[in-house]
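Everything below belongs to entry.cif, which stores mmCIF, C-alpha atoms and all ligand atoms.
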```cif
data_model
loop_
_atom_site.label_atom_id
_atom_site.label_comp_id
_atom_site.auth_asym_id
_atom_site.auth_seq_id
_atom_site.Cartn_x
_atom_site.Cartn_y
_atom_site.Cartn_z
CA MET Q 1 -54.04 -65.33 -241.89
CA TYR Q 2 -52.88 -68.76 -243.05
CA GLU Q 3 -55.98 -70.90 -242.91
CA ILE Q 4 -59.63 -70.41 -242.03
CA GLY Q 5 -62.71 -72.33 -243.15
CA GLN Q 6 -65.68 -74.50 -242.33
CA ALA Q 7 -64.57 -75.37 -238.78
CA GLU Q 8 -64.61 -71.68 -237.81
CA ILE Q 9 -67.98 -71.17 -239.56
CA ASP Q 10 -69.47 -74.12 -237.65
CA ALA Q 11 -68.15 -72.81 -234.33
CA LEU Q 12 -69.58 -69.35 -235.06
CA THR Q 13 -72.92 -70.89 -235.97
CA LYS Q 14 -73.01 -72.48 -232.53
CA VAL Q 15 -72.31 -69.11 -230.86
CA ILE Q 16 -75.14 -67.48 -232.81
CA ASN Q 17 -77.55 -70.33 -232.13
CA ASN Q 18 -76.68 -70.10 -228.42
CA ARG Q 19 -77.41 -66.35 -228.47
CA GLN Q 20 -74.67 -65.96 -225.92
CA PHE Q 21 -71.96 -63.53 -226.99
CA MET Q 22 -70.46 -62.28 -223.74
CA ARG Q 23 -67.96 -64.69 -222.23
CA TYR Q 24 -68.93 -64.18 -218.58
CA ARG Q 25 -72.71 -64.41 -219.03
CA GLY Q 26 -72.89 -68.04 -220.02
CA GLY Q 27 -71.26 -69.61 -216.95
CA GLU Q 28 -68.44 -72.14 -217.11
CA GLY Q 29 -67.21 -73.81 -220.27
CA GLY Q 30 -67.78 -71.10 -222.85
CA PHE Q 31 -65.79 -70.81 -226.08
CA ALA Q 32 -63.29 -68.23 -224.76
CA GLU Q 33 -62.69 -70.27 -221.62
CA ASN Q 34 -62.24 -73.50 -223.57
CA PHE Q 35 -59.78 -71.76 -225.89
CA GLU Q 36 -57.74 -70.60 -222.89
CA LYS Q 37 -57.67 -74.14 -221.49
CA SER Q 38 -56.47 -75.55 -224.83
CA LEU Q 39 -53.90 -72.76 -225.19
CA CYS Q 40 -52.51 -73.54 -221.71
CA GLU Q 41 -52.28 -77.21 -222.61
CA LYS Q 42 -50.60 -76.67 -225.97
CA PHE Q 43 -48.23 -74.00 -224.67
CA GLN Q 44 -47.54 -75.85 -221.39
CA ILE Q 45 -48.32 -72.74 -219.35
CA ARG Q 46 -50.31 -72.37 -216.13
CA HIS Q 47 -52.46 -69.38 -217.14
CA SER Q 48 -53.68 -67.74 -220.31
CA LEU Q 49 -56.07 -64.84 -220.64
CA THR Q 50 -57.65 -63.91 -223.96
CA VAL Q 51 -57.96 -60.16 -224.57
CA ASN Q 52 -59.11 -58.01 -227.46
CA SER Q 53 -55.67 -57.31 -229.02
CA GLY Q 54 -51.94 -57.91 -228.73
CA THR Q 55 -51.54 -54.32 -227.56
CA SER Q 56 -54.05 -54.99 -224.77
CA ALA Q 57 -52.15 -58.17 -223.89
CA LEU Q 58 -48.92 -56.17 -223.51
CA ILE Q 59 -50.66 -53.50 -221.42
CA CYS Q 60 -52.29 -56.13 -219.17
CA ALA Q 61 -48.95 -57.92 -218.83
CA LEU Q 62 -47.13 -54.75 -217.75
CA ALA Q 63 -49.95 -53.74 -215.40
CA ALA Q 64 -49.98 -57.27 -213.96
CA MET Q 65 -46.28 -56.99 -213.11
CA GLY Q 66 -46.81 -53.58 -211.51
CA ILE Q 67 -44.84 -51.60 -214.07
CA GLY Q 68 -45.82 -47.93 -213.95
CA PRO Q 69 -44.80 -44.28 -213.59
CA GLY Q 70 -41.08 -43.73 -213.10
CA ASP Q 71 -40.17 -47.09 -214.58
CA GLU Q 72 -38.06 -47.60 -217.69
CA VAL Q 73 -38.76 -50.51 -219.99
CA ILE Q 74 -36.21 -51.61 -222.58
CA VAL Q 75 -37.74 -52.35 -225.99
CA PRO Q 76 -36.10 -53.05 -229.36
CA ALA Q 77 -35.72 -50.21 -231.87
CA TYR Q 78 -37.20 -52.59 -234.46
CA THR Q 79 -40.70 -53.72 -233.50
CA TRP Q 80 -44.27 -52.72 -234.21
CA VAL Q 81 -44.79 -49.36 -232.47
CA ALA Q 82 -47.42 -50.92 -230.15
CA THR Q 83 -44.66 -52.52 -228.05
CA ALA Q 84 -43.35 -49.10 -227.08
CA MET Q 85 -46.82 -47.57 -226.80
CA ALA Q 86 -47.98 -50.27 -224.37
CA THR Q 87 -45.20 -49.13 -222.06
CA LEU Q 88 -46.54 -45.57 -222.16
CA ALA Q 89 -50.08 -46.82 -221.56
CA VAL Q 90 -49.07 -47.99 -218.06
CA GLY Q 91 -47.20 -44.75 -217.35
CA ALA Q 92 -43.66 -46.07 -217.88
CA VAL Q 93 -41.26 -44.94 -220.61
CA PRO Q 94 -39.75 -47.08 -223.37
CA ILE Q 95 -35.98 -47.05 -223.81
CA MET Q 96 -34.98 -48.26 -227.26
CA ALA Q 97 -32.17 -50.78 -227.63
CA ASP Q 98 -30.42 -51.84 -230.82
CA ILE Q 99 -31.03 -55.11 -232.55
CA ASP Q 100 -28.16 -57.32 -233.69
CA GLU Q 101 -27.63 -59.41 -236.84
CA SER Q 102 -30.36 -61.83 -235.69
CA LEU Q 103 -32.83 -58.94 -236.26
CA THR Q 104 -33.87 -59.22 -232.61
CA ILE Q 105 -32.90 -57.17 -229.56
CA ASP Q 106 -29.17 -57.22 -228.83
CA PRO Q 107 -28.45 -58.43 -225.27
CA GLU Q 108 -25.24 -56.37 -225.29
CA ASP Q 109 -27.21 -53.19 -225.94
CA ILE Q 110 -29.80 -54.13 -223.31
CA LYS Q 111 -26.89 -54.16 -220.85
CA ARG Q 112 -25.82 -50.69 -221.94
CA LYS Q 113 -29.37 -49.32 -221.62
CA ILE Q 114 -29.97 -50.51 -218.04
CA THR Q 115 -30.25 -47.65 -215.51
CA PRO Q 116 -31.27 -47.66 -211.83
CA TYR Q 117 -34.84 -47.07 -213.09
CA THR Q 118 -35.07 -50.01 -215.47
CA ARG Q 119 -37.77 -52.46 -214.34
CA ALA Q 120 -38.44 -54.61 -217.36
CA ILE Q 121 -37.33 -55.78 -220.80
CA ILE Q 122 -39.69 -56.52 -223.68
CA PRO Q 123 -37.88 -58.84 -226.11
CA VAL Q 124 -39.86 -58.98 -229.35
CA HIS Q 125 -39.81 -62.12 -231.51
CA MET Q 126 -40.18 -60.39 -234.87
CA GLY Q 127 -41.69 -62.28 -237.78
CA ASN Q 128 -41.41 -65.69 -236.07
CA GLN Q 129 -37.72 -65.03 -235.27
CA PRO Q 130 -36.93 -65.83 -231.62
CA CYS Q 131 -34.79 -63.50 -229.51
CA ASN Q 132 -31.74 -64.80 -227.69
CA MET Q 133 -33.87 -65.72 -224.68
CA ASP Q 134 -31.09 -67.54 -222.81
CA ALA Q 135 -28.96 -64.39 -222.75
CA ILE Q 136 -31.94 -62.14 -221.99
CA MET Q 137 -33.20 -64.24 -219.08
CA ALA Q 138 -29.68 -64.42 -217.63
CA LEU Q 139 -29.34 -60.64 -217.86
CA ALA Q 140 -32.76 -60.13 -216.30
CA GLU Q 141 -31.90 -62.38 -213.41
CA LYS Q 142 -28.58 -60.65 -212.82
CA HIS Q 143 -30.14 -57.17 -212.81
CA HIS Q 144 -33.45 -58.16 -211.12
CA LEU Q 145 -35.52 -57.19 -214.14
CA LEU Q 146 -38.86 -58.54 -215.31
CA VAL Q 147 -39.25 -59.96 -218.81
CA CYS Q 148 -42.44 -59.52 -220.84
CA GLU Q 149 -42.05 -61.42 -224.11
CA ASP Q 150 -43.77 -59.80 -227.06
CA ALA Q 151 -44.59 -62.92 -229.07
CA CYS Q 152 -47.32 -61.14 -231.02
CA GLN Q 153 -45.59 -62.00 -234.32
CA ALA Q 154 -44.54 -65.50 -233.30
CA CYS Q 155 -47.50 -67.42 -231.92
CA GLY Q 156 -46.63 -71.12 -231.80
CA VAL Q 157 -42.90 -70.87 -232.55
CA MET Q 158 -40.69 -73.05 -230.33
CA TYR Q 159 -37.44 -71.93 -228.73
CA LYS Q 160 -35.33 -74.73 -227.26
CA GLY Q 161 -38.36 -76.82 -226.36
CA LYS Q 162 -40.62 -74.01 -225.15
CA ARG Q 163 -43.22 -71.90 -226.94
CA LEU Q 164 -42.30 -68.27 -227.36
CA GLY Q 165 -44.25 -66.20 -224.87
CA THR Q 166 -43.84 -68.79 -222.10
CA ILE Q 167 -40.16 -68.22 -221.28
CA GLY Q 168 -40.23 -64.78 -219.64
CA HIS Q 169 -42.20 -63.83 -216.51
CA ILE Q 170 -45.15 -63.04 -218.74
CA GLY Q 171 -45.86 -63.09 -222.49
CA ALA Q 172 -48.18 -61.52 -225.03
CA LEU Q 173 -49.68 -62.93 -228.25
CA SER Q 174 -51.63 -61.16 -230.97
CA PHE Q 175 -54.37 -62.74 -233.07
CA ASN Q 176 -54.90 -59.87 -235.49
CA GLN Q 177 -55.46 -60.67 -239.14
CA TYR Q 178 -51.75 -60.87 -240.03
CA LYS Q 179 -50.72 -63.28 -237.30
CA ASN Q 180 -50.09 -67.05 -237.34
CA ILE Q 181 -53.59 -67.68 -236.00
CA THR Q 182 -56.30 -65.05 -236.06
CA CYS Q 183 -59.79 -63.99 -235.09
CA GLY Q 184 -59.52 -60.59 -236.78
CA GLU Q 185 -58.47 -58.77 -233.61
CA GLY Q 186 -57.39 -60.45 -230.40
CA GLY Q 187 -54.54 -61.30 -228.09
CA ALA Q 188 -53.55 -63.35 -225.06
CA VAL Q 189 -51.51 -62.96 -221.89
CA LEU Q 190 -49.47 -66.01 -220.86
CA THR Q 191 -47.90 -66.58 -217.44
CA ASN Q 192 -47.01 -69.23 -214.89
CA ASP Q 193 -47.39 -66.68 -212.08
CA ASP Q 194 -50.72 -66.87 -210.21
CA ARG Q 195 -50.50 -63.30 -209.00
CA TYR Q 196 -49.72 -61.82 -212.39
CA TYR Q 197 -52.64 -63.78 -213.83
CA GLU Q 198 -55.08 -62.45 -211.23
CA ARG Q 199 -53.88 -58.91 -211.77
CA ALA Q 200 -54.19 -59.22 -215.58
CA LEU Q 201 -57.67 -60.71 -215.17
CA MET Q 202 -58.68 -57.78 -212.99
CA TYR Q 203 -57.16 -55.14 -215.22
CA HIS Q 204 -58.76 -56.50 -218.40
CA ASP Q 205 -62.29 -56.59 -216.94
CA ALA Q 206 -63.05 -53.42 -214.97
CA GLY Q 207 -61.56 -54.86 -211.79
CA CYS Q 208 -63.64 -58.08 -212.20
CA PHE Q 209 -64.92 -57.76 -208.63
CA THR Q 210 -68.52 -58.36 -209.68
CA ARG Q 211 -67.78 -61.64 -211.48
CA SER Q 212 -68.56 -65.07 -210.09
CA HIS Q 213 -64.83 -65.90 -210.11
CA ALA Q 214 -64.09 -62.83 -207.95
CA SER Q 215 -64.31 -64.94 -204.79
CA THR Q 216 -61.29 -66.97 -205.90
CA ILE Q 217 -59.05 -63.90 -206.25
CA LYS Q 218 -56.48 -63.32 -203.52
CA GLU Q 219 -55.17 -59.93 -204.68
CA PRO Q 220 -56.93 -56.75 -203.53
CA PHE Q 221 -59.19 -55.56 -206.35
CA PHE Q 222 -58.08 -52.51 -208.31
CA PRO Q 223 -59.89 -50.71 -211.13
CA GLY Q 224 -59.29 -51.79 -214.67
CA VAL Q 225 -60.50 -51.28 -218.23
CA ASN Q 226 -62.45 -53.45 -220.68
CA TYR Q 227 -60.23 -55.55 -222.91
CA ARG Q 228 -62.55 -58.58 -222.82
CA VAL Q 229 -63.10 -60.87 -225.77
CA SER Q 230 -66.49 -62.18 -226.81
CA GLU Q 231 -67.51 -65.74 -227.48
CA ILE Q 232 -67.21 -64.91 -231.19
CA GLN Q 233 -63.45 -64.48 -230.85
CA GLY Q 234 -63.24 -67.46 -228.49
CA ALA Q 235 -65.04 -69.72 -230.98
CA ILE Q 236 -62.81 -68.76 -233.91
CA LEU Q 237 -59.63 -69.03 -231.85
CA GLY Q 238 -60.60 -72.49 -230.57
CA GLU Q 239 -60.60 -73.74 -234.17
CA GLN Q 240 -57.55 -71.71 -235.21
CA LEU Q 241 -55.52 -73.21 -232.39
CA LYS Q 242 -56.18 -76.70 -233.76
CA ARG Q 243 -54.55 -75.58 -237.01
CA LEU Q 244 -51.49 -73.99 -235.39
CA ASP Q 245 -49.10 -76.96 -235.34
CA GLY Q 246 -49.89 -77.78 -238.97
CA ILE Q 247 -49.21 -74.17 -239.96
CA MET Q 248 -45.89 -74.16 -238.10
CA ALA Q 249 -44.81 -77.50 -239.61
CA ASP Q 250 -45.52 -76.21 -243.12
CA LEU Q 251 -43.61 -72.96 -242.56
CA GLN Q 252 -40.68 -74.87 -241.07
CA ALA Q 253 -40.53 -77.31 -243.98
CA ASN Q 254 -40.54 -74.47 -246.52
CA ARG Q 255 -37.99 -72.51 -244.51
CA LYS Q 256 -35.71 -75.55 -244.61
CA ILE Q 257 -35.91 -75.73 -248.41
CA MET Q 258 -35.21 -72.00 -248.72
CA ALA Q 259 -32.25 -72.23 -246.32
CA GLU Q 260 -30.75 -75.07 -248.40
CA VAL Q 261 -31.00 -72.95 -251.54
CA PHE Q 262 -29.77 -69.72 -249.91
CA ALA Q 263 -26.72 -71.54 -248.51
CA LYS Q 264 -25.42 -71.58 -252.11
CA THR Q 265 -25.33 -67.80 -252.57
CA ASP Q 266 -22.85 -65.08 -251.61
CA LEU Q 267 -25.41 -62.37 -252.40
CA PHE Q 268 -26.55 -62.24 -248.79
CA GLN Q 269 -26.08 -64.09 -245.54
CA VAL Q 270 -28.97 -65.96 -244.00
CA VAL Q 271 -29.81 -64.24 -240.71
CA THR Q 272 -28.51 -65.98 -237.57
CA HIS Q 273 -31.25 -67.97 -235.87
CA HIS Q 274 -31.27 -68.57 -232.11
CA ASP Q 275 -32.85 -72.01 -232.52
CA PRO Q 276 -32.28 -73.19 -236.11
CA ALA Q 277 -33.96 -76.57 -235.50
CA ASN Q 278 -37.30 -74.80 -235.01
CA ALA Q 279 -36.90 -72.00 -237.53
CA ALA Q 280 -40.10 -70.91 -239.27
CA ASN Q 281 -38.83 -67.78 -241.00
CA ILE Q 282 -35.86 -66.69 -243.06
CA SER Q 283 -34.22 -63.33 -243.72
CA GLY Q 284 -31.06 -62.25 -245.49
CA ILE Q 285 -28.51 -59.57 -244.67
CA PHE Q 286 -26.60 -58.04 -247.55
CA HIS Q 287 -23.09 -56.66 -247.39
CA ASP Q 288 -24.22 -53.08 -247.94
CA ALA Q 289 -27.43 -51.06 -248.25
CA ASP Q 290 -27.00 -50.32 -251.97
CA THR Q 291 -26.75 -54.00 -252.88
CA ALA Q 292 -29.81 -54.75 -250.74
CA LYS Q 293 -31.71 -51.88 -252.39
CA ALA Q 294 -30.84 -53.03 -255.90
CA PHE Q 295 -31.87 -56.62 -255.05
CA ALA Q 296 -35.15 -55.40 -253.49
CA GLU Q 297 -35.98 -53.31 -256.55
CA LYS Q 298 -35.19 -56.12 -258.95
CA HIS Q 299 -37.32 -58.65 -257.08
CA ARG Q 300 -40.02 -56.19 -256.00
CA VAL Q 301 -39.60 -56.90 -252.34
CA ALA Q 302 -39.04 -54.42 -249.51
CA ARG Q 303 -36.03 -53.98 -247.28
CA ILE Q 304 -36.98 -54.04 -243.60
CA ILE Q 305 -35.94 -50.40 -243.24
CA GLU Q 306 -38.95 -49.67 -245.46
CA SER Q 307 -41.40 -51.39 -243.11
CA GLY Q 308 -42.87 -48.13 -241.75
CA ARG Q 309 -43.81 -48.09 -238.09
CA HIS Q 310 -41.73 -51.18 -237.33
CA VAL Q 311 -38.69 -48.87 -237.29
CA TYR Q 312 -38.28 -46.48 -234.35
CA THR Q 313 -37.46 -43.47 -236.55
CA ASN Q 314 -41.09 -43.59 -237.74
CA TRP Q 315 -42.59 -43.42 -234.22
CA GLU Q 316 -43.08 -39.67 -234.35
CA PRO Q 317 -45.78 -39.22 -231.64
CA LEU Q 318 -43.58 -41.19 -229.27
CA LEU Q 319 -40.28 -39.59 -230.24
CA GLU Q 320 -41.95 -36.20 -229.73
CA GLN Q 321 -43.05 -37.42 -226.25
CA ARG Q 322 -46.66 -36.37 -226.73
CA ALA Q 323 -49.60 -37.58 -224.63
CA PHE Q 324 -53.38 -37.21 -224.76
CA HIS Q 325 -53.17 -34.95 -221.69
CA PRO Q 326 -50.12 -33.02 -220.47
CA GLN Q 327 -50.61 -34.21 -216.91
CA MET Q 328 -50.87 -37.82 -218.01
CA ASN Q 329 -47.54 -37.75 -219.82
CA PRO Q 330 -45.26 -40.58 -218.62
CA PHE Q 331 -42.18 -38.60 -219.67
CA ASN Q 332 -42.96 -36.13 -216.85
CA TRP Q 333 -42.96 -38.98 -214.34
CA ALA Q 334 -39.59 -40.42 -215.42
CA HIS Q 335 -36.75 -40.06 -212.89
CA ARG Q 336 -34.47 -38.52 -215.49
CA LYS Q 337 -34.80 -36.57 -218.71
CA ILE Q 338 -35.45 -39.02 -221.53
CA GLU Q 339 -33.98 -37.92 -224.83
CA TYR Q 340 -34.75 -39.56 -228.13
CA THR Q 341 -32.77 -38.73 -231.25
CA PRO Q 342 -33.19 -40.10 -234.79
CA ASP Q 343 -29.72 -41.66 -234.71
CA MET Q 344 -29.87 -43.16 -231.21
CA CYS Q 345 -30.03 -46.72 -232.60
CA GLN Q 346 -27.80 -46.30 -235.64
CA LYS Q 347 -26.72 -49.93 -235.60
CA THR Q 348 -30.36 -50.97 -236.03
CA LEU Q 349 -30.81 -48.63 -239.00
CA ASN Q 350 -27.63 -49.93 -240.59
CA ILE Q 351 -28.75 -53.56 -240.24
CA LEU Q 352 -32.33 -52.93 -241.40
CA ALA Q 353 -31.12 -51.07 -244.51
CA ARG Q 354 -29.27 -54.26 -245.49
CA ALA Q 355 -31.97 -56.77 -244.50
CA ILE Q 356 -34.81 -58.44 -246.38
CA THR Q 357 -37.26 -60.95 -244.94
CA PHE Q 358 -38.30 -63.83 -247.22
CA ALA Q 359 -41.36 -65.16 -245.40
CA PRO Q 360 -41.66 -68.90 -246.17
CA PRO Q 361 -44.84 -69.45 -248.18
CA TYR Q 362 -47.68 -71.54 -246.78
CA HIS Q 363 -49.24 -74.51 -248.59
CA VAL Q 364 -46.99 -74.26 -251.63
CA ALA Q 365 -45.52 -77.39 -253.21
CA PRO Q 366 -41.86 -78.01 -252.19
CA GLU Q 367 -40.62 -77.93 -255.79
CA VAL Q 368 -42.26 -74.51 -256.30
CA VAL Q 369 -40.71 -73.19 -253.06
CA ARG Q 370 -37.31 -74.48 -254.22
CA GLY Q 371 -37.74 -73.05 -257.72
CA ASN Q 372 -38.74 -69.61 -256.42
CA ALA Q 373 -35.80 -69.56 -254.01
CA GLU Q 374 -33.43 -70.58 -256.83
CA LYS Q 375 -34.83 -67.75 -258.97
CA LEU Q 376 -34.21 -65.22 -256.20
CA ILE Q 377 -30.52 -66.01 -256.03
CA SER Q 378 -29.88 -66.60 -259.73
CA LEU Q 379 -31.53 -63.65 -261.45
C1 LIG X 401 -44.48 -57.09 -232.42
C2 LIG X 401 -45.90 -56.67 -232.18
N1 LIG X 401 -46.26 -56.29 -230.95
C3 LIG X 401 -47.52 -55.90 -230.68
C4 LIG X 401 -48.49 -55.88 -231.66
C5 LIG X 401 -49.86 -55.42 -231.33
O1 LIG X 401 -50.82 -56.37 -231.66
P1 LIG X 401 -52.32 -55.92 -232.03
O2 LIG X 401 -52.31 -55.37 -233.40
O3 LIG X 401 -53.09 -57.20 -231.92
O4 LIG X 401 -52.73 -54.93 -230.99
C6 LIG X 401 -48.15 -56.27 -232.95
C7 LIG X 401 -49.16 -56.23 -234.03
O5 LIG X 401 -48.93 -56.12 -235.18
C8 LIG X 401 -46.82 -56.67 -233.23
O6 LIG X 401 -46.45 -57.02 -234.45
#
```

Would you kindly transcribe this structure into structure tokens?
Amino acid sequence: MYEIGQAEIDALTKVINNRQFMRYRGGEGGFAENFEKSLCEKFQIRHSLTVNSGTSALICALAAMGIGPGDEVIVPAYTWVATAMATLAVGAVPIMADIDESLTIDPEDIKRKITPYTRAIIPVHMGNQPCNMDAIMALAEKHHLLVCEDACQACGVMYKGKRLGTIGHIGALSFNQYKNITCGEGGAVLTNDDRYYERALMYHDAGCFTRSHASTIKEPFFPGVNYRVSEIQGAILGEQLKRLDGIMADLQANRKIMAEVFAKTDLFQVVTHHDPANAANISGIFHDADTAKAFAEKHRVARIIESGRHVYTNWEPLLEQRAFHPQMNPFNWAHRKIEYTPDMCQKTLNILARAITFAPPYHVAPEVVRGNAEKLISL
């Protein structure tokens, strides 16, 4: 959470005074609907659908594109575990691909991981760091694959003139407490595809065939779940969205200062950025793991390898291929035996053991940002 205050309190007061919490009970023009309209406008996208988490957004996105049993979905070996779990939730299996020195999925390894059963790629923009979307979209086109961008950790970040999450066939955002904008728990599906939007709408709301908007839907109705948001989330998000560009501008300005300072050191290399003009984050890669470890200990920061369930080796329930019911186990529906081993993405482990993320601070005076960055490289 970067910023929250009176504007959100005022919006919530209105929701409470209205005594209307469910988004589809109040008719047109509710808070959730208005947020979606503003999100579409700001992100220059045809459709957005607010849901109750980023995980739900990923699941809706995959369901919308018809990904399911027998399908393989390529995900990075470095991401929050929910990316891979969303794949399992629709009955498909995740295939882990290495990251490269940009700390995002390596297009070369995506190529190697494609099989006749691959249907989709989920590039994940980790910690506001965009993936190499040009290369990924070209690969997807060549191999007839669908792209679901996981922009859960990068809401608002631009990549070559477009917002992350709006470049692939469909995208997912998260609004949980740690994200660029937040309502505690929440997410959104983004797409320019009318059909995918209708299918996501249906899936997120028990098939939505009883709603007033059902008459506008051209797809045959299928059953869904309940991933709806309430007007409480819609009201907070409406105000958070107004703050987003200011938050991004501040992070970018501080990142720029840090990059200027870090350019002077040989201690580590600043991580390659796929769109440096819009960079809102900064990480460093050290020559070897021991140097990175010593630096991390001295400055009381963590190496990325220590970031728990962001690293595939810590996804035990998934690596063990367990499911809540043996007959609902997507690994039984795969067209080939899927084997996971702890060293299957060794390149990722090697990079993460040498990498540290220095998140640019928010609302800190430029001279303090510069001074802290200088301290990091001089001590
Ligand atoms: C990369 C990534 N994908 C998906 C998610 C899932 O989002 P949520 O926690 O809102 O379900 C997260 C959340 O931390 C994330 O970081």

If you count only C-alpha atoms, which residues fall within 9 Å of stretch 227-238 of chain Q, apart from same-chain ones fewer than 4 positions away, as a ChimeraX atom specification?
/Q:4,7-9,11-12,14-16,20-24,30-36,38-39,50-53,56-57,60,175,181-187,203-206,242

Could you please extract the residues within 10 Å of ligand LIG 401 (chain X), counting only C-alpha atoms and all ligand atoms, and hand them back as a ChimeraX atom specification?
/Q:51-59,76,78-86,122-128,149-154,172-179,182,184-188,309-310

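Atom CA of Q:Phe331 to atom CA of Q:Glu316 spans 14.7 Å [interatomic distance, one decimal].
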
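For the pair atom CA of Q:Ala365 and atom CA of Q:Ala296, the interatomic distance is 24.3 Å.
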
What's around stretch 192-200 of chain Q at 12 Å? Count all atoms listed in the file, leave out sequence neighbours fewer than 4 positions away in its own chain, and write the answer as a PyMOL selection string.
chain Q and resi 40+43-51+56-67+146+148+165-172+188+204-209+213-228

Please provide as a list of chain:residue names all residues within 9 Å of Q:Ile95, with the sequence filter that same-chain residues fewer than 3 positions apart are discarded (counting all atoms listed in the file).
Q:Glu72, Q:Val73, Q:Ile74, Q:Val75, Q:Pro76, Q:Ala77, Q:Ala84, Q:Lys113, Q:Thr118, Q:Ile338, Q:Tyr340

Residue contacts of Q:Leu376 (12 Å, only C-alpha atoms) excluding same-chain residues fewer than 4 positions away, as a PyMOL selection string:
chain Q and resi 258+261-262+264-265+267-268+284+295-296+298-301+356+358+369-372

Next, write the just-selected residues to a file, as an mmCIF file, in the coordinates of the input, keeping C-alpha atoms as the atom set.
```
data_model
loop_
_atom_site.group_PDB
_atom_site.id
_atom_site.type_symbol
_atom_site.label_atom_id
_atom_site.label_comp_id
_atom_site.auth_asym_id
_atom_site.auth_seq_id
_atom_site.Cartn_x
_atom_site.Cartn_y
_atom_site.Cartn_z
ATOM 1 C CA MET Q 258 -35.210 -72.000 -248.720
ATOM 2 C CA VAL Q 261 -31.000 -72.950 -251.540
ATOM 3 C CA PHE Q 262 -29.770 -69.720 -249.910
ATOM 4 C CA LYS Q 264 -25.420 -71.580 -252.110
ATOM 5 C CA THR Q 265 -25.330 -67.800 -252.570
ATOM 6 C CA LEU Q 267 -25.410 -62.370 -252.400
ATOM 7 C CA PHE Q 268 -26.550 -62.240 -248.790
ATOM 8 C CA GLY Q 284 -31.060 -62.250 -245.490
ATOM 9 C CA PHE Q 295 -31.870 -56.620 -255.050
ATOM 10 C CA ALA Q 296 -35.150 -55.400 -253.490
ATOM 11 C CA LYS Q 298 -35.190 -56.120 -258.950
ATOM 12 C CA HIS Q 299 -37.320 -58.650 -257.080
ATOM 13 C CA ARG Q 300 -40.020 -56.190 -256.000
ATOM 14 C CA VAL Q 301 -39.600 -56.900 -252.340
ATOM 15 C CA ILE Q 356 -34.810 -58.440 -246.380
ATOM 16 C CA PHE Q 358 -38.300 -63.830 -247.220
ATOM 17 C CA VAL Q 369 -40.710 -73.190 -253.060
ATOM 18 C CA ARG Q 370 -37.310 -74.480 -254.220
ATOM 19 C CA GLY Q 371 -37.740 -73.050 -257.720
ATOM 20 C CA ASN Q 372 -38.740 -69.610 -256.420
#
```

From Q:Ala334, Q:Val90, Q:Ala279, Q:Ile351, residue lying nearest Q:Thr115 [all atoms listed in the file]
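Of all the options, Q:Ala334 lies closest to Q:Thr115.
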
Provide the atom CA of Q:His287 to atom CA of Q:Gln269 distance in Å, to one decimal place.
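Distance reported for this atom pair: 8.2 Å.
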
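If all atoms listed in the file are the atoms counted, then among Q:Lys111, Q:Lys160, Q:Arg25, Q:Arg303 the closest residue to Q:Asn278 is Q:Lys160.
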
Using all atoms listed in the file, determine which residues lie at most 7 Å from Q:Thr348, disregarding the query and same-chain residues fewer than 4 positions distant; provide the list as JSON, numbers by chain.
{"Q": [77, 98, 99, 352]}

Selected residue of minimal separation from Q:Arg255 among Q:Tyr159, Q:Asp134, Q:Lys142, Q:Ile282, counting only C-alpha atoms:
Q:Ile282

Closest of Q:Ala263, Q:Leu241, Q:Met158, Q:Val271 to Q:Thr104 - atom-to-atom distances counting all atoms listed in the file
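Of the candidates, the smallest distance to Q:Thr104 is held by Q:Val271.
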
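The smallest atom-to-atom distance between Q:Arg211 and any of Q:Glu28, Q:Gln6, Q:Ala373, Q:Ala253, using only C-alpha atoms, is found for Q:Glu28.
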